[in-house]
Structures are given as C-alpha cells and as structure tokens.
>>> print(open('structure24.pdb').read())   # PDB, C-alpha atoms
ATOM      1  CA  MET A 236      75.304 -20.407   8.798  1.00  0.00           C
ATOM      2  CA  ILE A 237      73.005 -19.649   5.869  1.00  0.00           C
ATOM      3  CA  ALA A 238      71.452 -23.121   6.033  1.00  0.00           C
ATOM      4  CA  LEU A 239      70.885 -22.766   9.785  1.00  0.00           C
ATOM      5  CA  TRP A 240      69.272 -19.358   9.316  1.00  0.00           C
ATOM      6  CA  GLN A 241      66.968 -20.760   6.627  1.00  0.00           C
ATOM      7  CA  CYS A 242      65.973 -23.634   8.910  1.00  0.00           C
ATOM      8  CA  ALA A 243      65.186 -21.112  11.649  1.00  0.00           C
ATOM      9  CA  LEU A 244      62.947 -19.169   9.243  1.00  0.00           C
ATOM     10  CA  ILE A 245      61.125 -22.352   8.281  1.00  0.00           C
ATOM     11  CA  GLY A 246      60.546 -23.249  11.929  1.00  0.00           C
ATOM     12  CA  TYR A 247      59.460 -19.723  12.785  1.00  0.00           C
ATOM     13  CA  THR A 248      56.949 -19.755   9.912  1.00  0.00           C
ATOM     14  CA  PHE A 249      55.434 -23.030  11.197  1.00  0.00           C
ATOM     15  CA  SER A 250      55.189 -21.477  14.655  1.00  0.00           C
ATOM     16  CA  LEU A 251      53.539 -18.318  13.291  1.00  0.00           C
ATOM     17  CA  ALA A 252      51.045 -20.337  11.215  1.00  0.00           C
ATOM     18  CA  GLY A 253      50.010 -22.490  14.183  1.00  0.00           C
ATOM     19  CA  ASN A 254      49.680 -19.554  16.562  1.00  0.00           C
ATOM     20  CA  SER A 255      47.737 -17.525  14.009  1.00  0.00           C
ATOM     21  CA  ALA A 256      45.336 -20.435  13.385  1.00  0.00           C
ATOM     22  CA  ASP A 257      44.789 -20.917  17.135  1.00  0.00           C
ATOM     23  CA  LYS A 258      44.005 -17.230  17.664  1.00  0.00           C
ATOM     24  CA  ALA A 259      41.711 -17.191  14.621  1.00  0.00           C
ATOM     25  CA  ALA A 260      39.764 -20.268  15.764  1.00  0.00           C
ATOM     26  CA  HIS A 261      39.373 -18.834  19.261  1.00  0.00           C
ATOM     27  CA  ALA A 262      38.156 -15.463  17.943  1.00  0.00           C
ATOM     28  CA  GLY A 263      35.659 -17.158  15.630  1.00  0.00           C
ATOM     29  CA  ALA A 264      34.396 -19.461  18.385  1.00  0.00           C
ATOM     30  CA  ILE A 265      33.678 -16.692  20.894  1.00  0.00           C
ATOM     31  CA  ALA A 266      32.269 -14.134  18.435  1.00  0.00           C
ATOM     32  CA  GLN A 267      28.549 -13.541  18.894  1.00  0.00           C
ATOM     33  CA  SER A 268      28.098 -12.542  15.257  1.00  0.00           C
ATOM     34  CA  MET A 269      30.183 -12.381  12.082  1.00  0.00           C
ATOM     35  CA  ARG A 270      32.410 -15.290  13.143  1.00  0.00           C
ATOM     36  CA  GLY A 271      34.221 -15.435   9.803  1.00  0.00           C
ATOM     37  CA  GLN A 272      35.231 -11.793   9.939  1.00  0.00           C
ATOM     38  CA  ALA A 273      36.452 -12.148  13.535  1.00  0.00           C
ATOM     39  CA  CYS A 274      38.435 -15.237  12.543  1.00  0.00           C
ATOM     40  CA  ARG A 275      40.126 -13.588   9.547  1.00  0.00           C
ATOM     41  CA  HIS A 276      40.962 -10.450  11.519  1.00  0.00           C
ATOM     42  CA  ALA A 277      42.511 -12.427  14.389  1.00  0.00           C
ATOM     43  CA  ALA A 278      44.576 -14.536  11.974  1.00  0.00           C
ATOM     44  CA  LYS A 279      46.349 -11.418  10.670  1.00  0.00           C
ATOM     45  CA  GLU A 280      46.437  -9.424  13.881  1.00  0.00           C
ATOM     46  CA  ASN A 281      49.828 -10.453  15.308  1.00  0.00           C
ATOM     47  CA  LEU A 282      51.709 -11.565  12.202  1.00  0.00           C
ATOM     48  CA  PRO A 283      54.866  -9.710  11.186  1.00  0.00           C
ATOM     49  CA  ASP A 284      54.331  -7.699   7.993  1.00  0.00           C
ATOM     50  CA  ALA A 285      56.523  -9.958   5.832  1.00  0.00           C
ATOM     51  CA  TRP A 286      54.315 -12.966   6.615  1.00  0.00           C
ATOM     52  CA  GLU A 287      50.988 -11.103   6.658  1.00  0.00           C
ATOM     53  CA  ASP A 288      51.553  -9.686   3.163  1.00  0.00           C
ATOM     54  CA  GLU A 289      51.968 -13.172   1.670  1.00  0.00           C
ATOM     55  CA  MET A 290      49.309 -14.975   3.734  1.00  0.00           C
ATOM     56  CA  LYS A 291      46.494 -16.693   1.877  1.00  0.00           C
ATOM     57  CA  ASN A 292      43.017 -15.899   3.178  1.00  0.00           C
ATOM     58  CA  PRO A 293      42.475 -18.038   6.262  1.00  0.00           C
ATOM     59  CA  ARG A 294      39.859 -20.755   5.998  1.00  0.00           C
ATOM     60  CA  CYS A 295      37.362 -20.367   8.840  1.00  0.00           C
ATOM     61  CA  ARG A 296      34.386 -22.666   9.450  1.00  0.00           C
ATOM     62  CA  THR A 297      32.186 -24.376  12.021  1.00  0.00           C
ATOM     63  CA  SER A 298      32.281 -28.161  12.061  1.00  0.00           C
ATOM     64  CA  GLY A 299      30.718 -30.480  14.631  1.00  0.00           C
ATOM     65  CA  GLY A 300      30.499 -27.945  17.446  1.00  0.00           C
ATOM     66  CA  MET A 301      34.056 -26.755  16.817  1.00  0.00           C
ATOM     67  CA  TYR A 302      35.195 -23.577  15.109  1.00  0.00           C
ATOM     68  CA  LYS A 303      38.162 -24.390  12.879  1.00  0.00           C
ATOM     69  CA  ALA A 304      40.726 -22.170  11.212  1.00  0.00           C
ATOM     70  CA  GLU A 305      43.425 -22.995   8.690  1.00  0.00           C
ATOM     71  CA  VAL A 306      46.201 -20.492   7.984  1.00  0.00           C
ATOM     72  CA  LYS A 307      48.708 -20.806   5.130  1.00  0.00           C
ATOM     73  CA  LEU A 308      51.932 -18.785   5.135  1.00  0.00           C
ATOM     74  CA  LYS A 309      54.821 -18.619   2.695  1.00  0.00           C
ATOM     75  CA  VAL A 310      58.349 -19.268   3.957  1.00  0.00           C
ATOM     76  CA  PRO A 311      60.794 -16.443   3.215  1.00  0.00           C
ATOM     77  CA  ILE A 312      64.141 -17.144   1.592  1.00  0.00           C
ATOM     78  CA  LEU A 313      66.876 -15.691   3.857  1.00  0.00           C
ATOM     79  CA  VAL A 314      65.345 -12.216   4.250  1.00  0.00           C
ATOM     80  CA  PRO A 315      61.666 -11.881   5.238  1.00  0.00           C
ATOM     81  CA  GLY A 316      59.698  -9.635   2.910  1.00  0.00           C
ATOM     82  CA  VAL A 317      62.023  -9.974  -0.088  1.00  0.00           C
ATOM     83  CA  LEU A 318      61.604 -13.423  -1.648  1.00  0.00           C
ATOM     84  CA  ASN A 319      59.570 -16.508  -0.640  1.00  0.00           C
ATOM     85  CA  TRP A 320      59.614 -20.204  -1.389  1.00  0.00           C
ATOM     86  CA  PRO A 321      56.790 -21.222  -3.765  1.00  0.00           C
ATOM     87  CA  PHE A 322      55.057 -23.405  -1.146  1.00  0.00           C
ATOM     88  CA  HIS A 323      52.962 -22.654   1.928  1.00  0.00           C
ATOM     89  CA  VAL A 324      53.162 -24.054   5.434  1.00  0.00           C
ATOM     90  CA  LYS A 325      49.828 -24.723   7.080  1.00  0.00           C
ATOM     91  CA  GLY A 326      48.664 -24.129  10.625  1.00  0.00           C
ATOM     92  CA  ASN A 327      45.393 -25.482  11.999  1.00  0.00           C
ATOM     93  CA  GLY A 328      43.423 -24.479  15.065  1.00  0.00           C
ATOM     94  CA  ALA A 329      40.110 -25.521  16.597  1.00  0.00           C
ATOM     95  CA  PHE A 330      38.085 -24.255  19.540  1.00  0.00           C
ATOM     96  CA  PRO A 331      34.640 -25.238  20.910  1.00  0.00           C
ATOM     97  CA  VAL A 332      31.916 -22.862  19.699  1.00  0.00           C
ATOM     98  CA  GLU A 333      30.519 -20.683  22.481  1.00  0.00           C
ATOM     99  CA  ALA A 334      26.733 -20.794  22.840  1.00  0.00           C
ATOM    100  CA  ASP A 335      24.825 -17.595  22.203  1.00  0.00           C
ATOM    101  CA  ARG A 336      24.402 -15.900  25.595  1.00  0.00           C
ATOM    102  CA  ARG A 337      21.275 -13.860  24.824  1.00  0.00           C
TER     103      ARG A 337
END
>>> encode(input="structure24.pdb", output="structure tokens")
Amino acid sequence: MIALWQCALIGYTFSLAGNSADKAAHAGAIAQSMRGQACRHAAKENLPDAWEDEMKNPRCRTSGGMYKAEVKLKVPILVPGVLNWPFHVKGNGAFPVEADRR
C-alpha cells in the first residue's frame, strides 16, 4: 500500500506540474504587460501549499511567437509538506502570444 501511495503522489505531482505550466503559459501569453509576473503568479495560483512551498521559480519566456513556461516541483515522500525527494519533476506549457490590442 505504501508503494502504491507513493506512486500516486508521483503521478499527482506530474499532473500538478503540467497543469501549472499550462496555466502559467496562458496567463503570460494573454497579459498585455508584465508577462513574466502574470506567468509566475498563475503558476502558483492553484497549487496545494505543500507543492507551492517547494516549487522552484517558474521559467517564463517568449520564443518564436509562443509564450513558454516551465514549472519544477518536488515530489513528497508519503506525506505532502513533510519530506520531499531530492529531485524535481518538470511540467512545460506553451501558448501563442496574443497581439497587443491597443
């Protein structure tokens, strides 16, 4: 049961990282100004506290007409918020940059 629970936590962390990166890339792509700040805020917005506290700063950038975000989260060991594995899982997201509507 412990091994199954740990596998579930690993899978959940991958899911959180991917979703967070998608939301961050979307927020950065549609922001009219301060794209990086919008991206970083969106990356943390819906994460549970145990994952948000250990998240590395998301990497947000524009590349070839796309706004890209990379989110790295640590995987908890058995109990979220207590102890984490020493590695990060990575989630990536990309969204087309919205043109300035002024």
>>> closest_atom_pairs(input="structure24.pdb", of="range 283-336 of chain A", to="range 243-253 of chain A", cutoff="10 Å", atoms="only C-alpha atoms", output="CSV")
residue,atom,partner,partner_atom,distance
A:Pro283,CA,A:Leu251,CA,9.0
A:Trp286,CA,A:Thr248,CA,8.0
A:Met290,CA,A:Ala252,CA,9.4
A:Ala304,CA,A:Gly253,CA,9.8
A:Glu305,CA,A:Ala252,CA,8.5
A:Val306,CA,A:Ala252,CA,5.8
A:Lys307,CA,A:Ala252,CA,6.5
A:Leu308,CA,A:Ala252,CA,6.3
A:Lys309,CA,A:Thr248,CA,7.6
A:Val310,CA,A:Ile245,CA,6.0
A:Pro311,CA,A:Leu244,CA,7.0
A:Ile312,CA,A:Leu244,CA,8.0
A:Leu313,CA,A:Leu244,CA,7.5
A:Val314,CA,A:Leu244,CA,8.9
A:Pro315,CA,A:Leu244,CA,8.4
A:His323,CA,A:Thr248,CA,9.4
A:Val324,CA,A:Phe249,CA,6.3
A:Lys325,CA,A:Ala252,CA,6.1
A:Gly326,CA,A:Gly253,CA,4.1
A:Asn327,CA,A:Gly253,CA,5.9
A:Gly328,CA,A:Gly253,CA,6.9
>>> closest_residue(input="structure24.pdb", among="A:Gln267, A:Trp240, A:Gly299, A:His261", to="Ala329 in chain A", atoms="all atoms listed in the file")
A:His261
>>> residues_around(input="structure24.pdb", residues="Val332 in chain A", least_positions_apart="6", cutoff="8 Å", atoms="all atoms listed in the file", output="PyMOL selection string")
chain A and resi 263-265+297+300-302
>>> atom_distance(input="structure24.pdb", atom1="CA of Asn292 in chain A", atom2="CA of Gln241 in chain A")
24.7 Å
>>> residues_around(input="structure24.pdb", residues="Met269 in chain A", least_positions_apart="6", cutoff="12 Å", atoms="only C-alpha atoms", output="MDAnalysis selection string")
chainID A and resid 262:263 275:276 295:296
>>> write_last_selection(input="structure24.pdb", atoms="C-alpha atoms", output="short mmCIF file (atom, residue, chain, number, x, y, z; two decimals), keeping the file's coordinate frame")
data_model
loop_
_atom_site.label_atom_id
_atom_site.label_comp_id
_atom_site.auth_asym_id
_atom_site.auth_seq_id
_atom_site.Cartn_x
_atom_site.Cartn_y
_atom_site.Cartn_z
CA ALA A 262 38.16 -15.46 17.94
CA GLY A 263 35.66 -17.16 15.63
CA ARG A 275 40.13 -13.59 9.55
CA HIS A 276 40.96 -10.45 11.52
CA CYS A 295 37.36 -20.37 8.84
CA ARG A 296 34.39 -22.67 9.45
#
>>> resolve_selection(input="structure24.pdb", expression="the PyMOL selection byres ((chain A and resi 259) around 6)", output="short mmCIF file (atom, residue, chain, number, x, y, z; two decimals) with C-alpha atoms, in the frame of the given file")
data_model
loop_
_atom_site.label_atom_id
_atom_site.label_comp_id
_atom_site.auth_asym_id
_atom_site.auth_seq_id
_atom_site.Cartn_x
_atom_site.Cartn_y
_atom_site.Cartn_z
CA ALA A 256 45.34 -20.43 13.38
CA ASP A 257 44.79 -20.92 17.14
CA LYS A 258 44.00 -17.23 17.66
CA ALA A 260 39.76 -20.27 15.76
CA HIS A 261 39.37 -18.83 19.26
CA ALA A 262 38.16 -15.46 17.94
CA CYS A 274 38.44 -15.24 12.54
CA ALA A 277 42.51 -12.43 14.39
CA ALA A 278 44.58 -14.54 11.97
#
>>> atom_distance(input="structure24.pdb", atom1="CA of Ala285 in chain A", atom2="CA of Gly316 in chain A")
4.3 Å
>>> atom_distance(input="structure24.pdb", atom1="CA of Glu333 in chain A", atom2="CA of Gly271 in chain A")
14.2 Å
